[in-house]
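The structure file my_file.csv is reproduced below (CSV, C-alpha atoms).
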chain,number,residue,atom,x,y,z
F,109,MET,CA,26.4,-12.7,-52.5
F,110,ALA,CA,24.1,-12.1,-49.5
F,111,PRO,CA,20.7,-10.8,-50.4
F,112,ALA,CA,20.1,-7.1,-49.6
F,113,ARG,CA,17.8,-5.9,-46.8
F,114,GLN,CA,15.1,-3.4,-47.3
F,115,ASP,CA,17.5,-0.6,-46.3
F,116,GLY,CA,19.9,-1.6,-49.1
F,117,ARG,CA,22.5,-3.1,-46.8
F,118,PRO,CA,23.6,-6.7,-47.3
F,119,ARG,CA,21.8,-9.2,-45.1
F,120,GLU,CA,24.0,-10.7,-42.5
F,121,PRO,CA,23.9,-14.5,-42.4
F,122,LEU,CA,21.5,-15.9,-39.9
F,123,PRO,CA,24.0,-17.9,-37.9
F,124,ASP,CA,26.2,-14.8,-37.4
F,125,LEU,CA,23.2,-12.8,-36.2
F,126,ILE,CA,22.2,-15.6,-33.8
F,127,GLU,CA,25.7,-15.9,-32.5
F,128,ARG,CA,25.9,-12.1,-31.9
F,129,ALA,CA,22.5,-12.0,-30.3
F,130,ARG,CA,23.4,-14.9,-28.1
F,131,ALA,CA,26.5,-13.0,-26.9
F,132,GLY,CA,24.2,-10.1,-25.8
F,133,ASP,CA,24.2,-7.9,-29.0
F,134,THR,CA,20.8,-6.3,-29.0
F,135,ALA,CA,21.3,-4.8,-32.4
F,136,ALA,CA,21.7,-8.3,-33.8
F,137,PHE,CA,18.6,-9.4,-32.0
F,138,GLU,CA,16.7,-6.4,-33.4
F,139,GLN,CA,17.7,-7.5,-36.9
F,140,LEU,CA,16.5,-11.0,-36.1
F,141,TYR,CA,13.2,-9.5,-34.9
F,142,ARG,CA,12.8,-7.3,-38.0
F,143,GLU,CA,13.3,-10.3,-40.2
F,144,HIS,CA,11.2,-12.8,-38.3
F,145,SER,CA,8.5,-10.8,-36.6
F,146,PRO,CA,6.1,-10.5,-39.6
F,147,ARG,CA,5.9,-14.3,-39.8
F,148,VAL,CA,5.6,-14.7,-36.0
F,149,PHE,CA,3.0,-11.9,-35.8
F,150,ALA,CA,0.9,-13.6,-38.4
F,151,LEU,CA,0.9,-16.7,-36.2
F,152,CYS,CA,0.2,-14.7,-33.1
F,153,LEU,CA,-2.8,-13.1,-34.8
F,154,ARG,CA,-4.2,-16.4,-35.7
F,155,LEU,CA,-3.6,-18.0,-32.4
F,156,THR,CA,-5.3,-15.2,-30.6
F,157,GLY,CA,-8.3,-15.1,-32.8
F,158,GLY,CA,-7.3,-11.9,-34.6
F,159,ASP,CA,-7.0,-9.8,-31.5
F,160,ARG,CA,-4.1,-7.4,-32.4
F,161,THR,CA,-3.5,-6.2,-28.8
F,162,GLU,CA,-3.2,-9.7,-27.5
F,163,ALA,CA,-1.3,-10.8,-30.6
F,164,THR,CA,1.2,-8.0,-30.0
F,165,ALA,CA,1.6,-9.0,-26.3
F,166,LEU,CA,2.2,-12.6,-27.4
F,167,LEU,CA,4.7,-11.5,-30.0
F,168,GLN,CA,6.6,-9.6,-27.3
F,169,ASP,CA,6.4,-12.5,-24.9
F,170,ALA,CA,7.8,-14.8,-27.6
F,171,PHE,CA,10.7,-12.5,-28.5
F,172,ILE,CA,11.6,-11.7,-24.9
F,173,GLY,CA,11.5,-15.5,-24.3
F,174,ALA,CA,13.7,-16.0,-27.3
F,175,TRP,CA,16.3,-13.5,-26.0
F,176,ARG,CA,16.4,-15.3,-22.7
F,177,ALA,CA,16.5,-18.8,-24.3
F,178,LEU,CA,19.0,-18.0,-27.1
F,179,PRO,CA,21.9,-19.4,-25.1
F,180,GLY,CA,20.1,-22.7,-25.2
F,181,PHE,CA,19.4,-22.6,-29.0
F,182,ARG,CA,21.6,-25.2,-30.5
F,183,GLY,CA,20.5,-25.0,-34.1
F,184,ASP,CA,18.9,-28.5,-34.1
F,185,ALA,CA,15.9,-26.9,-35.8
F,186,PRO,CA,15.7,-23.9,-38.0
F,187,PHE,CA,15.5,-20.6,-36.1
F,188,THR,CA,12.0,-20.0,-37.6
F,189,THR,CA,10.8,-23.3,-36.3
F,190,TRP,CA,12.3,-22.6,-32.9
F,191,MET,CA,10.7,-19.1,-32.8
F,192,HIS,CA,7.3,-20.6,-33.7
F,193,ARG,CA,7.6,-23.1,-30.9
F,194,LEU,CA,8.4,-20.4,-28.4
F,195,THR,CA,5.4,-18.5,-29.7
F,196,VAL,CA,3.1,-21.4,-29.2
F,197,ASN,CA,4.6,-22.0,-25.8
F,198,ALA,CA,4.0,-18.4,-24.8
F,199,MET,CA,0.4,-18.7,-26.0
F,200,LEU,CA,-0.2,-21.8,-24.0
F,201,GLN,CA,1.3,-20.3,-20.9
F,202,ASN,CA,-1.0,-17.3,-21.2
F,203,ALA,CA,-4.0,-19.5,-21.9
F,204,ARG,CA,-3.3,-21.5,-18.8
F,205,GLY,CA,-3.2,-18.4,-16.7
F,206,THR,CA,-6.5,-16.8,-17.5
F,207,ARG,CA,-8.4,-18.7,-20.2
F,208,ARG,CA,-9.6,-15.3,-21.1
F,209,ARG,CA,-9.8,-15.9,-24.8
F,210,GLU,CA,-12.3,-18.7,-24.4
F,211,ALA,CA,-14.9,-16.3,-23.2
F,212,ARG,CA,-14.3,-14.0,-26.1
F,213,VAL,CA,-14.5,-16.6,-28.9
F,214,LEU,CA,-17.9,-16.5,-30.5
F,215,PRO,CA,-19.7,-19.7,-31.3
F,216,MET,CA,-19.6,-20.6,-35.0
F,217,ASP,CA,-23.3,-19.8,-35.3
F,218,ASP,CA,-22.4,-16.2,-34.8
F,219,THR,CA,-20.1,-16.0,-37.8
F,220,THR,CA,-22.8,-15.5,-40.5
F,221,SER,CA,-22.8,-11.8,-40.5
F,222,THR,CA,-19.1,-11.4,-40.9
F,223,THR,CA,-18.6,-14.1,-43.4
F,224,ALA,CA,-21.5,-13.0,-45.6
F,225,ALA,CA,-20.4,-9.4,-45.7
F,226,SER,CA,-17.2,-9.9,-47.6
F,227,ARG,CA,-18.2,-12.5,-50.1
F,228,GLY,CA,-17.6,-12.2,-53.8
F,229,THR,CA,-13.9,-12.0,-54.4
F,230,ASP,CA,-10.9,-14.2,-53.7
F,231,ALA,CA,-9.8,-11.6,-51.2
F,232,GLY,CA,-13.2,-11.6,-49.6
F,233,LEU,CA,-13.2,-15.3,-49.4
F,234,LEU,CA,-9.8,-15.3,-47.7
F,235,MET,CA,-11.1,-12.7,-45.3
F,236,ASP,CA,-14.1,-14.9,-44.6
F,237,LEU,CA,-11.8,-17.8,-43.9
F,238,GLU,CA,-9.6,-15.7,-41.7
F,239,ASN,CA,-12.6,-14.5,-39.7
F,240,ALA,CA,-14.0,-18.1,-39.5
F,241,ILE,CA,-10.6,-19.3,-38.2
F,242,ALA,CA,-10.6,-16.5,-35.6
F,243,ARG,CA,-13.9,-17.7,-34.3
F,244,LEU,CA,-13.1,-21.3,-34.0
F,245,PRO,CA,-13.0,-22.8,-30.5
F,246,GLU,CA,-9.5,-22.3,-29.1
F,247,GLY,CA,-8.3,-25.9,-29.2
F,248,ALA,CA,-9.6,-26.5,-32.7
F,249,ARG,CA,-8.1,-23.2,-33.9
F,250,THR,CA,-4.7,-23.9,-32.5
F,251,ALA,CA,-4.6,-27.4,-34.0
F,252,PHE,CA,-5.8,-26.2,-37.4
F,253,VAL,CA,-3.4,-23.2,-37.5
F,254,LEU,CA,-0.4,-25.3,-36.5
F,255,HIS,CA,-1.2,-28.2,-38.9
F,256,HIS,CA,-2.7,-26.6,-42.0
F,257,ILE,CA,-1.1,-23.2,-41.9
F,258,GLU,CA,2.2,-23.7,-40.2
F,259,GLY,CA,2.8,-27.2,-41.5
F,260,TYR,CA,3.3,-29.0,-38.2
F,261,GLN,CA,2.8,-32.8,-38.1
F,262,HIS,CA,0.1,-34.1,-35.8
F,263,GLN,CA,2.7,-35.7,-33.6
F,264,GLU,CA,4.6,-32.4,-33.2
F,265,ILE,CA,1.5,-30.6,-32.2
F,266,ALA,CA,0.6,-33.3,-29.7
F,267,GLU,CA,4.1,-33.0,-28.2
F,268,GLN,CA,4.0,-29.3,-28.0
F,269,LEU,CA,0.5,-29.0,-26.6
F,270,GLY,CA,0.9,-32.0,-24.3
F,271,ILE,CA,-2.1,-33.8,-25.7
F,272,ALA,CA,-2.7,-37.1,-27.5
F,273,VAL,CA,-2.2,-37.3,-31.2
F,274,GLY,CA,-5.7,-38.6,-31.5
F,275,THR,CA,-7.0,-35.4,-29.8
F,276,VAL,CA,-5.0,-33.3,-32.3
F,277,LYS,CA,-6.5,-35.1,-35.2
F,278,ALA,CA,-10.0,-34.8,-33.8
F,279,GLN,CA,-9.5,-31.0,-33.2
F,280,VAL,CA,-8.2,-30.5,-36.8
F,281,HIS,CA,-11.2,-32.5,-38.1
F,282,ARG,CA,-13.6,-30.5,-36.0
F,283,ALA,CA,-12.0,-27.2,-37.2
F,284,ARG,CA,-12.3,-28.2,-40.9
F,285,ASN,CA,-15.9,-29.1,-40.5
F,286,LEU,CA,-16.7,-25.9,-38.7
F,287,LEU,CA,-14.8,-23.9,-41.3
F,288,ILE,CA,-16.6,-25.6,-44.2
F,289,LYS,CA,-19.9,-24.8,-42.5
F,290,ALA,CA,-19.0,-21.2,-41.9
F,291,LEU,CA,-17.9,-20.7,-45.5
F,292,GLU,CA,-21.0,-22.3,-46.9
F,293,ARG,CA,-23.2,-19.7,-45.3
Q,269,MET,CA,-21.1,-38.3,-56.5
Q,270,THR,CA,-21.3,-39.7,-52.9
Q,271,ASP,CA,-21.5,-37.6,-49.7
Q,272,HIS,CA,-18.1,-38.8,-48.9
Q,273,SER,CA,-16.6,-37.5,-52.1
Q,274,VAL,CA,-18.5,-34.2,-51.7
Q,275,ASP,CA,-16.9,-33.8,-48.3
Q,276,GLU,CA,-13.5,-34.6,-49.6
Q,277,ALA,CA,-14.0,-32.0,-52.3
Q,278,LYS,CA,-15.0,-29.4,-49.7
Q,279,VAL,CA,-12.0,-30.2,-47.5
Q,280,LYS,CA,-9.7,-29.9,-50.6
Q,281,GLU,CA,-11.2,-26.6,-51.4
Q,282,LEU,CA,-10.8,-25.4,-47.9
Q,283,LEU,CA,-7.2,-26.4,-47.7
Q,284,GLU,CA,-6.4,-24.8,-51.0
Q,285,LEU,CA,-7.9,-21.6,-49.7
Q,286,THR,CA,-6.0,-22.0,-46.5
Q,287,GLN,CA,-2.7,-22.2,-48.4
Q,288,ALA,CA,-3.5,-18.9,-50.0
Q,289,LEU,CA,-3.7,-17.1,-46.6
Q,290,PRO,CA,-1.0,-14.6,-46.0
Q,291,ARG,CA,1.9,-15.9,-44.0
Q,292,GLU,CA,3.2,-12.6,-42.8
Q,293,SER,CA,1.7,-9.6,-41.0
Q,294,GLU,CA,3.6,-6.5,-39.9
Q,295,PRO,CA,3.4,-6.0,-36.1
Q,296,PRO,CA,2.9,-2.5,-34.7
Q,297,GLU,CA,6.1,-0.5,-34.7
Q,298,SER,CA,5.7,0.1,-31.0
Q,299,ALA,CA,6.1,-3.6,-30.3
Q,300,TRP,CA,9.9,-3.6,-30.6
Q,301,ALA,CA,10.4,-0.7,-28.2
Q,302,GLU,CA,8.8,-2.7,-25.4
Q,303,ILE,CA,10.8,-5.8,-26.2
Q,304,ARG,CA,14.0,-3.7,-26.4
Q,305,ALA,CA,13.3,-2.3,-22.9
Q,306,GLN,CA,13.1,-5.8,-21.5
Q,307,LEU,CA,16.4,-6.8,-23.1
Q,308,THR,CA,18.4,-4.4,-21.1
Q,309,GLU,CA,17.3,-5.9,-17.9
Q,310,ARG,CA,19.3,-9.1,-18.1
Q,311,PRO,CA,22.2,-10.4,-20.1
Q,312,ALA,CA,21.5,-12.9,-22.8
Q,313,TYR,CA,24.1,-15.4,-22.0
Q,314,GLN,CA,23.6,-17.5,-18.9
Q,315,PRO,CA,25.6,-20.7,-19.3
Q,316,GLN,CA,25.6,-21.8,-15.6
Q,317,ARG,CA,24.3,-25.3,-15.5
Q,318,VAL,CA,24.3,-25.6,-11.7
Q,319,ALA,CA,22.7,-22.3,-11.3
Q,320,THR,CA,19.9,-23.6,-13.5
Q,321,TRP,CA,18.9,-25.9,-10.7
Q,322,GLN,CA,18.5,-23.0,-8.3
Q,323,ARG,CA,16.4,-20.8,-10.4
Q,324,PRO,CA,12.9,-20.3,-8.9
Q,325,ALA,CA,11.1,-21.3,-12.1
Q,326,PHE,CA,13.1,-24.4,-12.3
Q,327,LEU,CA,12.6,-25.3,-8.7
Q,328,ALA,CA,8.9,-24.9,-9.0
Q,329,ALA,CA,8.5,-27.0,-12.1
Q,330,ALA,CA,11.0,-29.5,-11.0
Q,331,ALA,CA,9.2,-29.9,-7.7
Q,332,LEU,CA,6.1,-31.1,-9.4
Q,333,LEU,CA,7.9,-33.3,-11.7
Q,334,LEU,CA,10.5,-34.8,-9.4
Q,335,VAL,CA,8.1,-35.5,-6.6
Q,336,ALA,CA,5.3,-36.7,-8.7
Q,337,ALA,CA,7.3,-38.8,-11.1
Q,338,SER,CA,10.3,-40.1,-9.3
Q,339,ALA,CA,9.7,-39.9,-5.6
Q,340,ALA,CA,9.2,-43.6,-5.3
Q,341,VAL,CA,12.5,-44.5,-7.1
Q,342,THR,CA,14.5,-41.7,-5.6
Q,343,SER,CA,13.2,-42.7,-2.2
Q,344,ALA,CA,14.4,-46.2,-2.9
Q,345,VAL,CA,17.8,-44.9,-3.7
Q,346,LEU,CA,17.8,-42.7,-0.6
Q,347,THR,CA,16.7,-45.6,1.6
Q,348,ARG,CA,19.1,-48.0,0.2
Q,349,ASP,CA,22.2,-45.9,0.0
Q,350,ARG,CA,21.6,-43.2,2.6
Q,351,VAL,CA,23.3,-40.4,0.8
Q,352,THR,CA,24.0,-38.3,3.8
Q,353,SER,CA,27.0,-36.9,5.5
Q,354,ALA,CA,27.4,-40.4,7.0
Q,355,SER,CA,27.7,-41.9,3.6
Q,356,VAL,CA,30.5,-39.5,2.8
Q,357,ALA,CA,32.4,-40.9,5.7
Q,358,THR,CA,31.6,-44.4,4.6
Q,359,ALA,CA,32.7,-43.7,1.1
Q,360,ALA,CA,36.0,-42.3,2.3
Q,361,ALA,CA,36.6,-45.4,4.3
Q,362,ARG,CA,36.1,-47.7,1.3
Q,363,PRO,CA,39.2,-49.3,-0.1
Q,364,ALA,CA,39.3,-47.1,-3.2
Q,365,ASN,CA,42.5,-45.8,-4.7
Q,366,GLY,CA,43.4,-42.2,-4.3
Q,367,GLU,CA,41.9,-40.9,-7.5
Q,368,GLY,CA,38.8,-43.1,-7.2
Q,369,ALA,CA,38.2,-41.9,-3.6
Q,370,ALA,CA,38.6,-38.3,-4.6
Q,371,VAL,CA,36.1,-38.7,-7.5
Q,372,LEU,CA,33.7,-40.6,-5.3
Q,373,ALA,CA,33.9,-38.0,-2.6
Q,374,ALA,CA,33.3,-35.2,-5.1
Q,375,LEU,CA,30.4,-37.2,-6.6
Q,376,THR,CA,28.9,-37.8,-3.2
Q,377,LEU,CA,29.1,-34.2,-2.3
Q,378,ARG,CA,27.5,-33.3,-5.6
Q,379,GLU,CA,24.9,-36.0,-5.2
Q,380,ASN,CA,24.1,-34.6,-1.7
Q,381,GLU,CA,23.6,-31.2,-3.2
Q,382,TYR,CA,21.4,-32.7,-5.8
Q,383,LEU,CA,19.3,-34.5,-3.3
Q,384,GLN,CA,19.1,-31.5,-1.0
Q,385,THR,CA,17.7,-29.6,-3.9
Q,386,VAL,CA,15.2,-32.4,-4.4
Q,387,ASN,CA,14.2,-32.2,-0.7
Q,388,GLY,CA,13.9,-28.5,-0.9
Q,389,LEU,CA,11.6,-28.9,-3.8
Q,390,ASN,CA,9.3,-31.1,-1.7
Q,391,GLU,CA,8.2,-27.9,0.1
Q,392,LEU,CA,7.2,-26.2,-3.0
Q,393,ILE,CA,5.0,-28.8,-4.5
Q,394,GLU,CA,1.8,-28.2,-2.6
Q,395,ALA,CA,1.8,-24.5,-3.5
Q,396,ASP,CA,3.0,-24.6,-7.1
Q,397,ASP,CA,1.9,-25.9,-10.4
Q,398,SER,CA,4.2,-26.3,-13.4
Q,399,GLY,CA,1.3,-25.7,-15.7
Q,400,LEU,CA,2.3,-28.7,-17.8
Q,401,ALA,CA,-0.4,-30.8,-19.6
Q,402,PRO,CA,-1.1,-34.2,-18.0
Q,403,GLU,CA,0.0,-36.0,-21.2
Q,404,THR,CA,3.4,-34.2,-21.0
Q,405,ILE,CA,3.8,-35.0,-17.3
Q,406,ARG,CA,3.1,-38.7,-18.1
Q,407,THR,CA,5.7,-38.7,-20.8
Q,408,ILE,CA,8.3,-37.1,-18.6
Q,409,ARG,CA,7.3,-39.3,-15.7
Q,410,ALA,CA,8.1,-42.3,-17.8
Q,411,SER,CA,11.4,-40.9,-18.9
Q,412,LEU,CA,12.4,-40.1,-15.4
Q,413,LEU,CA,11.5,-43.6,-14.2
Q,414,VAL,CA,13.9,-45.0,-16.9
Q,415,ILE,CA,16.7,-42.7,-15.8
Q,416,ASP,CA,16.0,-43.4,-12.1
Q,417,ALA,CA,16.2,-47.1,-12.8
Q,418,ALA,CA,19.5,-46.6,-14.4
Q,419,ILE,CA,20.8,-44.5,-11.5
Q,420,LEU,CA,19.7,-47.2,-9.1
Q,421,GLU,CA,21.4,-49.9,-11.2
Q,422,VAL,CA,24.7,-48.0,-11.3
Q,423,ARG,CA,24.6,-47.2,-7.6
Q,424,GLN,CA,24.2,-50.9,-6.9
Q,425,ALA,CA,27.2,-51.6,-9.1
Q,426,LEU,CA,29.1,-48.9,-7.3
Q,427,ALA,CA,28.3,-50.5,-4.0
Q,428,ALA,CA,30.3,-53.5,-5.1
Q,429,ASP,CA,33.0,-51.5,-6.8
Q,430,PRO,CA,33.2,-48.0,-5.4
Q,431,ALA,CA,36.5,-47.2,-7.0
Q,432,ASN,CA,35.3,-47.8,-10.5
Q,433,ALA,CA,35.7,-44.5,-12.2
Q,434,GLN,CA,33.7,-45.5,-15.3
Q,435,LEU,CA,30.7,-46.3,-13.1
Q,436,LEU,CA,31.1,-43.0,-11.4
Q,437,GLU,CA,31.0,-41.3,-14.8
Q,438,ILE,CA,28.0,-43.2,-15.8
Q,439,LEU,CA,26.2,-42.3,-12.6
Q,440,GLU,CA,27.0,-38.6,-13.1
Q,441,ALA,CA,26.0,-38.8,-16.7
Q,442,ASN,CA,22.6,-40.2,-15.6
Q,443,TYR,CA,22.1,-37.4,-13.1
Q,444,GLU,CA,23.0,-34.9,-15.8
Q,445,LYS,CA,20.6,-36.6,-18.1
Q,446,LYS,CA,17.9,-36.2,-15.5
Q,447,VAL,CA,18.7,-32.6,-14.9
Q,448,ASP,CA,18.8,-32.0,-18.7
Q,449,LEU,CA,15.3,-33.5,-19.1
Q,450,LEU,CA,14.0,-31.4,-16.3
Q,451,ARG,CA,15.7,-28.3,-17.6
Q,452,ARG,CA,14.2,-28.8,-21.1
Q,453,THR,CA,10.8,-29.4,-19.5
Q,454,THR,CA,11.1,-26.3,-17.4
Q,455,GLU,CA,12.1,-24.3,-20.4
Q,456,MET,CA,9.0,-25.6,-22.2
Q,457,ALA,CA,6.8,-24.8,-19.2
Q,458,ARG,CA,8.4,-21.4,-18.7
Q,459,SER,CA,8.4,-20.2,-22.2
Q,460,GLY,CA,5.5,-22.4,-22.9

How does this structure look as C-alpha cells?
Amino acid sequence: MAPARQDGRPREPLPDLIERARAGDTAAFEQLYREHSPRVFALCLRLTGGDRTEATALLQDAFIGAWRALPGFRGDAPFTTWMHRLTVNAMLQNARGTRRREARVLPMDDTTSTTAASRGTDAGLLMDLENAIARLPEGARTAFVLHHIEGYQHQEIAEQLGIAVGTVKAQVHRARNLLIKALER
Amino acid sequence: MTDHSVDEAKVKELLELTQALPRESEPPESAWAEIRAQLTERPAYQPQRVATWQRPAFLAAAALLLVAASAAVTSAVLTRDRVTSASVATAAARPANGEGAAVLAALTLRENEYLQTVNGLNELIEADDSGLAPETIRTIRASLLVIDAAILEVRQALAADPANAQLLEILEANYEKKVDLLRRTTEMARSG
C-alpha cells in the first residue's frame, strides 16, 4: 500500500509522477516539488551560505531546470540524486556569472561572535556548525557540503565541479580544519 | 595521545556532528508560485534531437568545445574528404548498389548539415563562453578526439568501400555519439 501524503491521500509512485510531469502535467510536477523541495532547499541554503533569498532563487532555478530537463531524465540515477545535480549545476552557473557570494563570505576569523553565542546545547552546537559552514570559503563549503552532508564521492564532486579529485580532497580537508577551529572558539 | 590522534578525534567529532544536521528545510511558500509561472511558458517535452543542435545555448557551448577540441581532427576530415556539394556528386557516381547509394547520399547530406553547423559555430566562439571548467573541457576534449579518430577511420574505410551499409551505420553512430556527448555537456553547462 502506498504511503499517505500529508493531506491524507495516497502517495503516487515516483515513476508515475515523473512520467506525468515529463508529459507536461504541471500538477504532477508540483507534487514532485512538494516532496523533494525541502531536501533540495536544505542543500540550497548550505550552498549559498545560508542566504534564504539566494537559496530560494537557486531552488527555483533548479526546479525550472528540472522541468525543462525532465524529457532527458532516463532514471539511471535516483530522482533525488538527479535533482541534487541540477541544483549544484545551477549554483555553479550562478557563481560563474557574478561571483557575488565570494564577496559576502566572511573570513573564518569573523565567526567567533556567532559561534560563541549559541553554545551550550546540542541544538546550539548544530547551529554553530551550520553558521561555520555558511562562512567557509565557497570552494571549501561546496566540497564539504557535497561530500560530508550529501554523501557524494570525491570523484563525483570532481566531475560535477570540473576540478581535479585532489583539489576536492584538499578543499574538504581545508573545510574540516576551518570548521574544527571555528567550533573550538 | 599524539597530535595526530587528537586531530582524528576532532575530525570524528566534527563528522558526527555533521551527520546530525537537518537534511530538510521548508522553502518559502511563494517559491512554487514563481516556478509554476515559468512552467507555462514552454512545454516540458522536447524530444527533437536535430533541433537540439540548433538551440542557441547548444550552439554557443558546442562552438567552444568543437572548435577548441576537435578542430584539428575535423579539419583533417574536411581536407581529406571534402564533404561539400561536390562530394555528394562524387558519392553518387561511386559504384554503389541502389540502397547503398541512397544511404550514402542521405548520410552525406546529413554530414554536410552537421559540418555546416560546425562552421556556423566557428563564428560564435570568439564572443561566447560555455562557462565550463578547464578540467571538464580537457576531459571532453579527450573524448572528442577519440570519437573524431573513429570517424576518420570509418571514413577512410568508406572511401574504399562506399556501399558498405555497416560502415555507414558505424559512421552515423559515431556522429551521434559526438552529438550526444556535446548535448550532455551542454545540458551540464546550461543547467550547471

Handout entry: Selected residue of minimal separation from chain Q among F:Glu246, F:Glu127, F:Asp184, F:Glu267, counting only C-alpha atoms
Key = F:Glu267

Counting all atoms listed in the file, which residues of chain F fall within 7 Å of chain Q, and what is the closest atom pair for each with its distance in Å at one decimal, ordered by chain and rising number, as CSV?
residue,atom,partner,partner_atom,distance
F:Arg130,CA,Q:Ala312,CA,6.0
F:Ala131,CA,Q:Tyr313,CA,6.0
F:Gly132,CA,Q:Ala312,CA,4.9
F:Pro146,CA,Q:Ser293,CA,4.7
F:Arg147,CA,Q:Glu292,CA,4.4
F:Phe149,CA,Q:Ser293,CA,5.8
F:Ala150,CA,Q:Ser293,CA,4.8
F:Thr164,CA,Q:Ala299,CA,6.6
F:Gln168,CA,Q:Ile303,CA,5.8
F:Ile172,CA,Q:Ile303,CA,6.1
F:Gly173,CA,Q:Ser459,CA,6.0
F:Trp175,CA,Q:Ala312,CA,6.1
F:Arg176,CA,Q:Ala312,CA,5.6
F:Pro179,CA,Q:Tyr313,CA,5.5
F:Leu194,CA,Q:Ser459,CA,6.2
F:Val196,CA,Q:Gly460,CA,6.8
F:Asn197,CA,Q:Gly460,CA,3.1
F:Ala198,CA,Q:Gly460,CA,4.7
F:Leu200,CA,Q:Gly460,CA,5.8
F:Gln201,CA,Q:Gly460,CA,5.1
F:Arg204,CA,Q:Gly399,CA,7.0
F:Leu234,CA,Q:Leu289,CA,6.5
F:Ile257,CA,Q:Gln287,CA,6.8
F:Gly270,CA,Q:Thr404,CA,4.7
F:Ile271,CA,Q:Glu403,CA,5.4
F:Ala272,CA,Q:Glu403,CA,6.9
F:Arg284,CA,Q:Val279,CA,6.9
F:Ile288,CA,Q:Lys278,CA,6.9

Problem - Point-to-point distance from CA of Leu269 (chain F) to CA of Ile241 (chain F), Å rounded to tenths - result: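 Result for CA of Leu269 (chain F) versus CA of Ile241 (chain F): 18.8 Å, one decimal.
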
Problem - Neighbour list for Glu143 (chain F) as a PyMOL selection string, cut-off 12 Å, only C-alpha atoms, skip fewer than 5 positions in-chain - result: (chain F and resi 113-114+119-122+125+136-138+148-149+187-188+191) or (chain Q and resi 292-295)

Practice task
State, in Å with one decimal place, the distance from CA of Arg182 (chain F) to CA of Pro123 (chain F).
Solution key: 10.7 Å

Just the residues within 12 Å of Val280 (chain F), please, counting all atoms listed in the file, with nothing from its chain fewer than 4 positions along; format it as a CSV table (one decimal) with C-alpha atoms, keeping the file's coordinate frame.
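Listed below is the output, out-v6.csv:
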chain,number,residue,atom,x,y,z
F,241,ILE,CA,-10.6,-19.3,-38.2
F,244,LEU,CA,-13.1,-21.3,-34.0
F,245,PRO,CA,-13.0,-22.8,-30.5
F,246,GLU,CA,-9.5,-22.3,-29.1
F,247,GLY,CA,-8.3,-25.9,-29.2
F,248,ALA,CA,-9.6,-26.5,-32.7
F,249,ARG,CA,-8.1,-23.2,-33.9
F,250,THR,CA,-4.7,-23.9,-32.5
F,251,ALA,CA,-4.6,-27.4,-34.0
F,252,PHE,CA,-5.8,-26.2,-37.4
F,253,VAL,CA,-3.4,-23.2,-37.5
F,254,LEU,CA,-0.4,-25.3,-36.5
F,255,HIS,CA,-1.2,-28.2,-38.9
F,256,HIS,CA,-2.7,-26.6,-42.0
F,257,ILE,CA,-1.1,-23.2,-41.9
F,260,TYR,CA,3.3,-29.0,-38.2
F,261,GLN,CA,2.8,-32.8,-38.1
F,262,HIS,CA,0.1,-34.1,-35.8
F,265,ILE,CA,1.5,-30.6,-32.2
F,266,ALA,CA,0.6,-33.3,-29.7
F,273,VAL,CA,-2.2,-37.3,-31.2
F,274,GLY,CA,-5.7,-38.6,-31.5
F,275,THR,CA,-7.0,-35.4,-29.8
F,276,VAL,CA,-5.0,-33.3,-32.3
F,284,ARG,CA,-12.3,-28.2,-40.9
F,285,ASN,CA,-15.9,-29.1,-40.5
F,286,LEU,CA,-16.7,-25.9,-38.7
F,287,LEU,CA,-14.8,-23.9,-41.3
Q,279,VAL,CA,-12.0,-30.2,-47.5
Q,283,LEU,CA,-7.2,-26.4,-47.7

Completion exercise
One decimal place gives the CA of Leu291 (chain F)-CA of Arg154 (chain F) separation as 17.4 Å

Practice task
Write out as a ChimeraX atom specification each polymer residue whose atoms come within 8 Å of Ile419 (chain Q), counting all atoms listed in the file; drop sequence neighbours fewer than 5 positions from it.
Solution key: /Q:439,442-443

Handout entry: Top pick for closest residue to Arg142 (chain F), considering Q:Asp448, Q:Glu276, Q:Pro430, Q:Glu297 and counting only C-alpha atoms
Key =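 Of the candidates, the smallest distance to Arg142 (chain F) is held by Q:Glu297.
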